[in-house]
Amino acid sequence: MRYVVAFVRFWWNFVVGDDWRVALGIGVALGLTWVIADAGADPWWLLPVAVVLILAGSLWRVTRHAS
């Protein structure tokens, strides 16, 4: 059981890391990409835009709290 808990903690820390909002945002962006692709459209643009927006939001939150 100890190994299972260690395995789950590793993956939680690897995926979520320091900011759960970034992990959630990327998960939502991946889900939207899947839904749009399943509908037959071409969602190649969604993930780059989502990454830029999520990164900008994360940096804004960090710098706002630092000053």
# chains A, B, ... in the order shown; residues from 1 in each chain; ligands from 1

call {"tool": "residues_around", "arguments": {"residues": "region 23-27 of chain A", "least_positions_apart": "3", "cutoff": "9 Å", "atoms": "only C-alpha atoms", "output": "number ranges by chain"}}
result
A: 15-17, 19-20, 30-32, 47, 50-51, 54

call {"tool": "residues_around", "arguments": {"residues": "Leu55 (chain A)", "least_positions_apart": "6", "cutoff": "10 Å", "atoms": "only C-alpha atoms", "output": "VMD selection string"}}
result
chain A and resid 22 25 49 61

call {"tool": "atom_distance", "arguments": {"atom1": "CA of Ser58 (chain A)", "atom2": "CA of Phe10 (chain A)"}}
result
22.5 Å

call {"tool": "residues_around", "arguments": {"residues": "Trp44 (chain A)", "least_positions_apart": "6", "cutoff": "10 Å", "atoms": "only C-alpha atoms", "output": "number ranges by chain"}}
result
A: 33, 36-37

call {"tool": "write_last_selection", "arguments": {"atoms": "N, CA and C atoms", "output": "PDB file, in the first residue's frame"}}
result
ATOM      1  N   THR A  33     -10.394  20.865 -26.724  1.00  0.00           N
ATOM      2  CA  THR A  33      -9.774  20.455 -27.982  1.00  0.00           C
ATOM      3  C   THR A  33     -10.362  19.138 -28.456  1.00  0.00           C
ATOM      4  N   ILE A  36     -14.019  19.762 -29.697  1.00  0.00           N
ATOM      5  CA  ILE A  36     -14.041  20.459 -30.990  1.00  0.00           C
ATOM      6  C   ILE A  36     -13.576  19.527 -32.112  1.00  0.00           C
ATOM      7  N   ALA A  37     -12.534  18.744 -31.849  1.00  0.00           N
ATOM      8  CA  ALA A  37     -12.047  17.806 -32.870  1.00  0.00           C
ATOM      9  C   ALA A  37     -13.073  16.715 -33.141  1.00  0.00           C
TER      10      ALA A  37
END

call {"tool": "select_by_dssp", "arguments": {"residues": "chain A", "states": "alpha helix (DSSP H)", "output": "tab-separated table (two decimals) with all heavy atoms, in the first residue's frame"}}
result
chain	number	residue	atom	x	y	z
A	2	ARG	N	1.99	1.19	0.67
A	2	ARG	CA	2.88	2.33	0.75
A	2	ARG	C	3.37	2.76	-0.64
A	2	ARG	O	3.50	3.95	-0.92
A	2	ARG	CB	4.07	1.95	1.64
A	2	ARG	CG	5.05	3.06	1.87
A	2	ARG	CD	6.13	2.64	2.83
A	2	ARG	NE	7.03	1.71	2.16
A	2	ARG	CZ	7.75	0.78	2.77
A	2	ARG	NH1	7.66	0.63	4.07
A	2	ARG	NH2	8.55	-0.01	2.10
A	3	TYR	N	3.60	1.77	-1.51
A	3	TYR	CA	4.08	2.08	-2.86
A	3	TYR	C	2.98	2.73	-3.71
A	3	TYR	O	3.27	3.61	-4.52
A	3	TYR	CB	4.59	0.81	-3.55
A	3	TYR	CG	5.79	0.22	-2.86
A	3	TYR	CD1	5.72	-1.00	-2.22
A	3	TYR	CD2	7.00	0.92	-2.82
A	3	TYR	CE1	6.82	-1.53	-1.57
A	3	TYR	CE2	8.10	0.40	-2.18
A	3	TYR	CZ	8.01	-0.84	-1.56
A	3	TYR	OH	9.09	-1.35	-0.93
A	4	VAL	N	1.76	2.31	-3.49
A	4	VAL	CA	0.65	2.91	-4.23
A	4	VAL	C	0.48	4.37	-3.84
A	4	VAL	O	0.31	5.25	-4.70
A	4	VAL	CB	-0.65	2.11	-3.99
A	4	VAL	CG1	-1.84	2.81	-4.62
A	4	VAL	CG2	-0.52	0.69	-4.51
A	5	VAL	N	0.55	4.65	-2.55
A	5	VAL	CA	0.42	6.04	-2.08
A	5	VAL	C	1.57	6.89	-2.61
A	5	VAL	O	1.35	8.02	-3.07
A	5	VAL	CB	0.37	6.08	-0.53
A	5	VAL	CG1	0.45	7.50	-0.02
A	5	VAL	CG2	-0.90	5.39	-0.03
A	6	ALA	N	2.78	6.35	-2.60
A	6	ALA	CA	3.92	7.09	-3.12
A	6	ALA	C	3.77	7.34	-4.62
A	6	ALA	O	4.10	8.43	-5.11
A	6	ALA	CB	5.21	6.32	-2.85
A	7	PHE	N	3.24	6.36	-5.35
A	7	PHE	CA	3.02	6.51	-6.78
A	7	PHE	C	2.00	7.61	-7.07
A	7	PHE	O	2.21	8.46	-7.94
A	7	PHE	CB	2.56	5.17	-7.37
A	7	PHE	CG	2.35	5.18	-8.85
A	7	PHE	CD1	3.44	5.15	-9.71
A	7	PHE	CD2	1.08	5.22	-9.39
A	7	PHE	CE1	3.25	5.16	-11.08
A	7	PHE	CE2	0.89	5.23	-10.75
A	7	PHE	CZ	1.98	5.20	-11.60
A	8	VAL	N	0.90	7.61	-6.35
A	8	VAL	CA	-0.15	8.62	-6.54
A	8	VAL	C	0.36	10.00	-6.17
A	8	VAL	O	0.11	10.99	-6.87
A	8	VAL	CB	-1.41	8.26	-5.74
A	8	VAL	CG1	-2.41	9.40	-5.73
A	8	VAL	CG2	-2.04	6.99	-6.30
A	9	ARG	N	1.11	10.11	-5.08
A	9	ARG	CA	1.67	11.41	-4.69
A	9	ARG	C	2.64	11.94	-5.72
A	9	ARG	O	2.67	13.14	-6.00
A	9	ARG	CB	2.36	11.29	-3.33
A	9	ARG	CG	1.41	11.25	-2.19
A	9	ARG	CD	2.15	11.27	-0.88
A	9	ARG	NE	1.22	11.18	0.23
A	9	ARG	CZ	1.56	10.95	1.45
A	9	ARG	NH1	2.84	10.78	1.77
A	9	ARG	NH2	0.65	10.88	2.40
A	10	PHE	N	3.45	11.05	-6.29
A	10	PHE	CA	4.38	11.48	-7.33
A	10	PHE	C	3.63	12.07	-8.50
A	10	PHE	O	3.97	13.16	-8.97
A	10	PHE	CB	5.24	10.31	-7.81
A	10	PHE	CG	5.94	10.60	-9.11
A	10	PHE	CD1	7.06	11.41	-9.14
A	10	PHE	CD2	5.45	10.09	-10.31
A	10	PHE	CE1	7.70	11.70	-10.33
A	10	PHE	CE2	6.08	10.38	-11.51
A	10	PHE	CZ	7.21	11.17	-11.52
A	11	TRP	N	2.62	11.36	-9.00
A	11	TRP	CA	1.89	11.86	-10.17
A	11	TRP	C	1.10	13.11	-9.85
A	11	TRP	O	0.98	14.00	-10.70
A	11	TRP	CB	1.00	10.77	-10.76
A	11	TRP	CG	1.83	9.85	-11.58
A	11	TRP	CD1	2.22	8.58	-11.27
A	11	TRP	CD2	2.43	10.15	-12.84
A	11	TRP	NE1	3.01	8.08	-12.25
A	11	TRP	CE2	3.17	9.02	-13.23
A	11	TRP	CE3	2.43	11.26	-13.66
A	11	TRP	CZ2	3.89	8.97	-14.41
A	11	TRP	CZ3	3.14	11.21	-14.85
A	11	TRP	CH2	3.86	10.08	-15.22
A	12	TRP	N	0.56	13.22	-8.64
A	12	TRP	CA	-0.14	14.45	-8.25
A	12	TRP	C	0.82	15.63	-8.27
A	12	TRP	O	0.52	16.68	-8.83
A	12	TRP	CB	-0.76	14.28	-6.88
A	12	TRP	CG	-1.44	15.53	-6.41
A	12	TRP	CD1	-0.91	16.49	-5.60
A	12	TRP	CD2	-2.74	15.99	-6.75
A	12	TRP	NE1	-1.80	17.51	-5.41
A	12	TRP	CE2	-2.94	17.22	-6.10
A	12	TRP	CE3	-3.77	15.48	-7.54
A	12	TRP	CZ2	-4.13	17.94	-6.23
A	12	TRP	CZ3	-4.94	16.20	-7.64
A	12	TRP	CH2	-5.10	17.41	-6.99
A	13	ASN	N	1.99	15.47	-7.67
A	13	ASN	CA	2.99	16.55	-7.65
A	13	ASN	C	3.52	16.85	-9.05
A	13	ASN	O	3.82	18.00	-9.35
A	13	ASN	CB	4.14	16.20	-6.72
A	13	ASN	CG	3.75	16.31	-5.27
A	13	ASN	OD1	2.89	17.11	-4.92
A	13	ASN	ND2	4.37	15.50	-4.43
A	14	PHE	N	3.63	15.83	-9.89
A	14	PHE	CA	4.14	16.03	-11.24
A	14	PHE	C	3.13	16.80	-12.10
A	14	PHE	O	3.50	17.72	-12.82
A	14	PHE	CB	4.46	14.69	-11.89
A	14	PHE	CG	5.02	14.80	-13.27
A	14	PHE	CD1	6.32	15.22	-13.47
A	14	PHE	CD2	4.25	14.48	-14.37
A	14	PHE	CE1	6.85	15.32	-14.74
A	14	PHE	CE2	4.76	14.58	-15.65
A	14	PHE	CZ	6.07	15.00	-15.83
A	15	VAL	N	1.86	16.44	-12.01
A	15	VAL	CA	0.85	17.07	-12.85
A	15	VAL	C	0.40	18.40	-12.28
A	15	VAL	O	0.35	19.42	-12.97
A	15	VAL	CB	-0.36	16.12	-13.04
A	15	VAL	CG1	-1.50	16.82	-13.74
A	15	VAL	CG2	0.06	14.88	-13.80
A	20	TRP	N	-2.56	24.55	-8.90
A	20	TRP	CA	-3.64	23.69	-9.38
A	20	TRP	C	-4.43	24.38	-10.49
A	20	TRP	O	-5.04	23.71	-11.32
A	20	TRP	CB	-4.56	23.28	-8.24
A	20	TRP	CG	-5.26	24.43	-7.58
A	20	TRP	CD1	-4.82	25.15	-6.51
A	20	TRP	CD2	-6.52	25.00	-7.95
A	20	TRP	NE1	-5.72	26.13	-6.19
A	20	TRP	CE2	-6.78	26.06	-7.05
A	20	TRP	CE3	-7.45	24.72	-8.95
A	20	TRP	CZ2	-7.94	26.83	-7.14
A	20	TRP	CZ3	-8.60	25.49	-9.02
A	20	TRP	CH2	-8.83	26.53	-8.12
A	21	ARG	N	-4.39	25.71	-10.53
A	21	ARG	CA	-5.14	26.43	-11.56
A	21	ARG	C	-4.57	26.17	-12.95
A	21	ARG	O	-5.31	26.07	-13.93
A	21	ARG	CB	-5.14	27.92	-11.26
A	21	ARG	CG	-5.91	28.29	-10.02
A	21	ARG	CD	-5.69	29.77	-9.68
A	21	ARG	NE	-6.10	30.08	-8.34
A	21	ARG	CZ	-5.32	30.07	-7.27
A	21	ARG	NH1	-4.04	29.79	-7.39
A	21	ARG	NH2	-5.80	30.37	-6.08
A	22	VAL	N	-3.26	26.08	-13.03
A	22	VAL	CA	-2.61	25.80	-14.32
A	22	VAL	C	-2.99	24.40	-14.79
A	22	VAL	O	-3.34	24.20	-15.96
A	22	VAL	CB	-1.08	25.97	-14.22
A	22	VAL	CG1	-0.40	25.50	-15.48
A	22	VAL	CG2	-0.73	27.42	-13.94
A	23	ALA	N	-2.93	23.43	-13.90
A	23	ALA	CA	-3.29	22.05	-14.26
A	23	ALA	C	-4.75	21.98	-14.69
A	23	ALA	O	-5.08	21.31	-15.68
A	23	ALA	CB	-3.02	21.12	-13.09
A	24	LEU	N	-5.62	22.66	-13.97
A	24	LEU	CA	-7.04	22.66	-14.33
A	24	LEU	C	-7.26	23.34	-15.68
A	24	LEU	O	-8.01	22.84	-16.52
A	24	LEU	CB	-7.85	23.36	-13.25
A	24	LEU	CG	-9.35	23.44	-13.49
A	24	LEU	CD1	-9.96	22.05	-13.48
A	24	LEU	CD2	-10.00	24.32	-12.44
A	25	GLY	N	-6.60	24.45	-15.92
A	25	GLY	CA	-6.74	25.16	-17.18
A	25	GLY	C	-6.28	24.33	-18.37
A	25	GLY	O	-6.95	24.29	-19.41
A	26	ILE	N	-5.16	23.66	-18.23
A	26	ILE	CA	-4.67	22.82	-19.32
A	26	ILE	C	-5.60	21.63	-19.52
A	26	ILE	O	-5.87	21.22	-20.65
A	26	ILE	CB	-3.22	22.35	-19.03
A	26	ILE	CG1	-2.28	23.56	-19.02
A	26	ILE	CG2	-2.77	21.31	-20.04
A	26	ILE	CD1	-2.22	24.32	-20.33
A	27	GLY	N	-6.12	21.08	-18.42
A	27	GLY	CA	-7.08	19.98	-18.55
A	27	GLY	C	-8.34	20.40	-19.28
A	27	GLY	O	-8.85	19.68	-20.14
A	28	VAL	N	-8.84	21.58	-18.96
A	28	VAL	CA	-10.02	22.11	-19.64
A	28	VAL	C	-9.71	22.36	-21.12
A	28	VAL	O	-10.52	22.05	-22.00
A	28	VAL	CB	-10.52	23.39	-18.95
A	28	VAL	CG1	-11.56	24.10	-19.79
A	28	VAL	CG2	-11.09	23.05	-17.58
A	29	ALA	N	-8.54	22.91	-21.41
A	29	ALA	CA	-8.16	23.17	-22.80
A	29	ALA	C	-8.04	21.87	-23.58
A	29	ALA	O	-8.47	21.80	-24.75
A	29	ALA	CB	-6.84	23.94	-22.84
A	30	LEU	N	-7.48	20.83	-22.97
A	30	LEU	CA	-7.40	19.53	-23.65
A	30	LEU	C	-8.79	18.96	-23.89
A	30	LEU	O	-9.06	18.40	-24.96
A	30	LEU	CB	-6.56	18.56	-22.82
A	30	LEU	CG	-5.06	18.78	-22.84
A	30	LEU	CD1	-4.38	17.90	-21.81
A	30	LEU	CD2	-4.51	18.52	-24.22
A	31	GLY	N	-9.68	19.11	-22.91
A	31	GLY	CA	-11.04	18.63	-23.09
A	31	GLY	C	-11.78	19.37	-24.20
A	31	GLY	O	-12.48	18.75	-25.01
A	32	LEU	N	-11.63	20.69	-24.23
A	32	LEU	CA	-12.26	21.47	-25.30
A	32	LEU	C	-11.69	21.11	-26.67
A	32	LEU	O	-12.43	21.05	-27.66
A	32	LEU	CB	-12.07	22.96	-25.04
A	32	LEU	CG	-12.96	23.57	-23.98
A	32	LEU	CD1	-12.55	25.02	-23.71
A	32	LEU	CD2	-14.41	23.49	-24.37
A	33	THR	N	-10.39	20.86	-26.72
A	33	THR	CA	-9.77	20.46	-27.98
A	33	THR	C	-10.36	19.14	-28.46
A	33	THR	O	-10.66	18.97	-29.64
A	33	THR	CB	-8.24	20.33	-27.81
A	33	THR	OG1	-7.73	21.58	-27.39
A	33	THR	CG2	-7.58	19.91	-29.10
A	34	TRP	N	-10.55	18.23	-27.55
A	34	TRP	CA	-11.13	16.93	-27.89
A	34	TRP	C	-12.57	17.09	-28.39
A	34	TRP	O	-12.95	16.50	-29.40
A	34	TRP	CB	-11.06	16.02	-26.68
A	34	TRP	CG	-11.68	14.67	-26.88
A	34	TRP	CD1	-11.61	13.89	-28.00
A	34	TRP	CD2	-12.46	13.95	-25.96
A	34	TRP	NE1	-12.29	12.73	-27.82
A	34	TRP	CE2	-12.83	12.74	-26.56
A	34	TRP	CE3	-12.88	14.20	-24.66
A	34	TRP	CZ2	-13.60	11.78	-25.92
A	34	TRP	CZ3	-13.64	13.23	-24.02
A	34	TRP	CH2	-13.99	12.05	-24.64
A	35	VAL	N	-13.36	17.89	-27.69
A	35	VAL	CA	-14.75	18.10	-28.08
A	35	VAL	C	-14.83	18.75	-29.46
A	35	VAL	O	-15.63	18.33	-30.32
A	35	VAL	CB	-15.49	18.94	-27.02
A	35	VAL	CG1	-16.84	19.42	-27.53
A	35	VAL	CG2	-15.66	18.15	-25.73
A	36	ILE	N	-14.02	19.76	-29.70
A	36	ILE	CA	-14.04	20.46	-30.99
A	36	ILE	C	-13.58	19.53	-32.11
A	36	ILE	O	-14.16	19.51	-33.20
A	36	ILE	CB	-13.19	21.74	-30.93
A	36	ILE	CG1	-13.84	22.74	-29.99
A	36	ILE	CG2	-12.99	22.34	-32.31
A	36	ILE	CD1	-12.97	23.95	-29.69
A	37	ALA	N	-12.53	18.74	-31.85
A	37	ALA	CA	-12.05	17.81	-32.87
A	37	ALA	C	-13.07	16.71	-33.14
A	37	ALA	O	-13.25	16.28	-34.29
A	37	ALA	CB	-10.72	17.19	-32.42
A	38	ASP	N	-13.77	16.28	-32.10
A	38	ASP	CA	-14.79	15.25	-32.27
A	38	ASP	C	-15.98	15.77	-33.07
A	38	ASP	O	-16.65	15.01	-33.75
A	38	ASP	CB	-15.25	14.75	-30.89
A	38	ASP	CG	-15.97	13.44	-30.96
A	38	ASP	OD1	-15.54	12.58	-31.76
A	38	ASP	OD2	-16.98	13.26	-30.23
A	46	LEU	N	-6.26	26.04	-30.52
A	46	LEU	CA	-6.77	26.19	-29.16
A	46	LEU	C	-5.70	26.00	-28.09
A	46	LEU	O	-5.59	26.82	-27.16
A	46	LEU	CB	-7.93	25.22	-28.91
A	46	LEU	CG	-8.58	25.32	-27.55
A	46	LEU	CD1	-9.21	26.69	-27.34
A	46	LEU	CD2	-9.62	24.24	-27.37
A	47	LEU	N	-4.90	24.97	-28.18
A	47	LEU	CA	-3.90	24.72	-27.13
A	47	LEU	C	-2.82	25.80	-27.05
A	47	LEU	O	-2.49	26.23	-25.95
A	47	LEU	CB	-3.27	23.34	-27.31
A	47	LEU	CG	-4.14	22.19	-26.82
A	47	LEU	CD1	-3.45	20.86	-27.06
A	47	LEU	CD2	-4.48	22.34	-25.36
A	48	PRO	N	-2.25	26.28	-28.16
A	48	PRO	CA	-1.28	27.37	-28.02
A	48	PRO	C	-1.87	28.62	-27.38
A	48	PRO	O	-1.24	29.26	-26.53
A	48	PRO	CB	-0.83	27.65	-29.45
A	48	PRO	CG	-1.10	26.40	-30.20
A	48	PRO	CD	-2.31	25.79	-29.56
A	49	VAL	N	-3.10	28.97	-27.76
A	49	VAL	CA	-3.75	30.14	-27.18
A	49	VAL	C	-4.00	29.91	-25.69
A	49	VAL	O	-3.75	30.80	-24.86
A	49	VAL	CB	-5.07	30.46	-27.92
A	49	VAL	CG1	-5.87	31.51	-27.20
A	49	VAL	CG2	-4.76	30.89	-29.34
A	50	ALA	N	-4.47	28.72	-25.34
A	50	ALA	CA	-4.74	28.41	-23.93
A	50	ALA	C	-3.47	28.46	-23.10
A	50	ALA	O	-3.47	28.99	-21.99
A	50	ALA	CB	-5.39	27.03	-23.82
A	51	VAL	N	-2.38	27.92	-23.61
A	51	VAL	CA	-1.11	27.93	-22.87
A	51	VAL	C	-0.64	29.35	-22.63
A	51	VAL	O	-0.21	29.70	-21.52
A	51	VAL	CB	-0.04	27.10	-23.61
A	51	VAL	CG1	1.34	27.34	-23.04
A	51	VAL	CG2	-0.38	25.62	-23.54
A	52	VAL	N	-0.72	30.19	-23.64
A	52	VAL	CA	-0.29	31.59	-23.48
A	52	VAL	C	-1.16	32.30	-22.45
A	52	VAL	O	-0.66	33.01	-21.57
A	52	VAL	CB	-0.31	32.32	-24.85
A	52	VAL	CG1	-0.16	33.81	-24.67
A	52	VAL	CG2	0.78	31.78	-25.74
A	53	LEU	N	-2.48	32.13	-22.54
A	53	LEU	CA	-3.38	32.80	-21.59
A	53	LEU	C	-3.20	32.28	-20.16
A	53	LEU	O	-3.20	33.07	-19.21
A	53	LEU	CB	-4.82	32.63	-22.04
A	53	LEU	CG	-5.22	33.37	-23.31
A	53	LEU	CD1	-6.64	33.03	-23.72
A	53	LEU	CD2	-5.03	34.86	-23.14
A	54	ILE	N	-3.05	30.98	-20.02
A	54	ILE	CA	-2.87	30.40	-18.68
A	54	ILE	C	-1.54	30.83	-18.09
A	54	ILE	O	-1.46	31.16	-16.90
A	54	ILE	CB	-3.00	28.87	-18.74
A	54	ILE	CG1	-4.45	28.50	-19.06
A	54	ILE	CG2	-2.55	28.22	-17.45
A	54	ILE	CD1	-4.64	27.05	-19.44
A	55	LEU	N	-0.49	30.85	-18.90
A	55	LEU	CA	0.82	31.31	-18.42
A	55	LEU	C	0.76	32.77	-18.01
A	55	LEU	O	1.28	33.16	-16.96
A	55	LEU	CB	1.89	31.09	-19.48
A	55	LEU	CG	3.29	31.59	-19.14
A	55	LEU	CD1	3.83	30.86	-17.93
A	55	LEU	CD2	4.21	31.41	-20.32
A	56	ALA	N	0.12	33.60	-18.83
A	56	ALA	CA	0.00	35.03	-18.49
A	56	ALA	C	-0.79	35.22	-17.20
A	56	ALA	O	-0.41	36.03	-16.35
A	56	ALA	CB	-0.67	35.77	-19.65
A	57	GLY	N	-1.86	34.48	-17.03
A	57	GLY	CA	-2.64	34.57	-15.80
A	57	GLY	C	-1.86	34.13	-14.58
A	57	GLY	O	-1.94	34.74	-13.52
A	58	SER	N	-1.10	33.06	-14.73
A	58	SER	CA	-0.29	32.58	-13.62
A	58	SER	C	0.79	33.58	-13.24
A	58	SER	O	1.01	33.85	-12.05
A	58	SER	CB	0.35	31.24	-14.00
A	58	SER	OG	1.19	30.78	-12.99
A	59	LEU	N	1.46	34.15	-14.23
A	59	LEU	CA	2.49	35.15	-13.94
A	59	LEU	C	1.89	36.40	-13.31
A	59	LEU	O	2.48	37.00	-12.42
A	59	LEU	CB	3.24	35.51	-15.22
A	59	LEU	CG	4.17	34.43	-15.76
A	59	LEU	CD1	4.72	34.82	-17.12
A	59	LEU	CD2	5.29	34.16	-14.78
A	60	TRP	N	0.72	36.81	-13.77
A	60	TRP	CA	0.06	37.98	-13.22
A	60	TRP	C	-0.29	37.75	-11.74
A	60	TRP	O	-0.07	38.63	-10.91
A	60	TRP	CB	-1.20	38.29	-14.02
A	60	TRP	CG	-1.94	39.47	-13.50
A	60	TRP	CD1	-1.59	40.78	-13.59
A	60	TRP	CD2	-3.16	39.44	-12.76
A	60	TRP	NE1	-2.53	41.57	-12.97
A	60	TRP	CE2	-3.50	40.78	-12.46
A	60	TRP	CE3	-4.00	38.42	-12.34
A	60	TRP	CZ2	-4.64	41.10	-11.74
A	60	TRP	CZ3	-5.14	38.75	-11.64
A	60	TRP	CH2	-5.45	40.07	-11.34
A	61	ARG	N	-0.81	36.56	-11.42
A	61	ARG	CA	-1.14	36.26	-10.02
A	61	ARG	C	0.10	36.27	-9.14
A	61	ARG	O	0.08	36.80	-8.03
A	61	ARG	CB	-1.82	34.88	-9.92
A	61	ARG	CG	-3.30	34.93	-10.00
A	61	ARG	CD	-3.93	33.62	-9.60
A	61	ARG	NE	-3.28	32.44	-10.13
A	61	ARG	CZ	-3.51	31.89	-11.30
A	61	ARG	NH1	-4.38	32.44	-12.11
A	61	ARG	NH2	-2.89	30.79	-11.69
A	62	VAL	N	1.18	35.70	-9.61
A	62	VAL	CA	2.41	35.63	-8.82
A	62	VAL	C	3.01	37.01	-8.62
A	62	VAL	O	3.42	37.37	-7.51
A	62	VAL	CB	3.44	34.66	-9.48
A	62	VAL	CG1	4.79	34.79	-8.83
A	62	VAL	CG2	2.93	33.25	-9.40
A	63	THR	N	3.08	37.80	-9.67
A	63	THR	CA	3.68	39.13	-9.54
A	63	THR	C	2.80	40.07	-8.73
A	63	THR	O	3.30	40.96	-8.06
A	63	THR	CB	3.98	39.75	-10.91
A	63	THR	OG1	2.79	39.78	-11.69
A	63	THR	CG2	5.05	38.95	-11.65
A	64	ARG	N	1.49	39.89	-8.78
A	64	ARG	CA	0.59	40.72	-7.99
A	64	ARG	C	0.77	40.47	-6.50
A	64	ARG	O	0.78	41.39	-5.70
A	64	ARG	CB	-0.86	40.44	-8.40
A	64	ARG	CG	-1.86	41.36	-7.72
A	64	ARG	CD	-3.24	40.96	-8.06
A	64	ARG	NE	-3.46	39.64	-7.50
A	64	ARG	CZ	-4.57	38.93	-7.66
A	64	ARG	NH1	-5.53	39.39	-8.40
A	64	ARG	NH2	-4.70	37.75	-7.10
A	65	HIS	N	0.97	39.21	-6.13
A	65	HIS	CA	1.17	38.87	-4.73
A	65	HIS	C	2.58	39.20	-4.23
A	65	HIS	O	2.79	39.40	-3.05
A	65	HIS	CB	0.89	37.40	-4.49
A	65	HIS	CG	-0.56	37.04	-4.59
A	65	HIS	ND1	-1.52	37.61	-3.79
A	65	HIS	CD2	-1.20	36.18	-5.41
A	65	HIS	CE1	-2.69	37.12	-4.12
A	65	HIS	NE2	-2.55	36.25	-5.11
A	66	ALA	N	3.55	39.25	-5.15
A	66	ALA	CA	4.93	39.53	-4.75
A	66	ALA	C	5.15	40.99	-4.43
A	66	ALA	O	6.03	41.33	-3.64
A	66	ALA	CB	5.87	39.08	-5.86
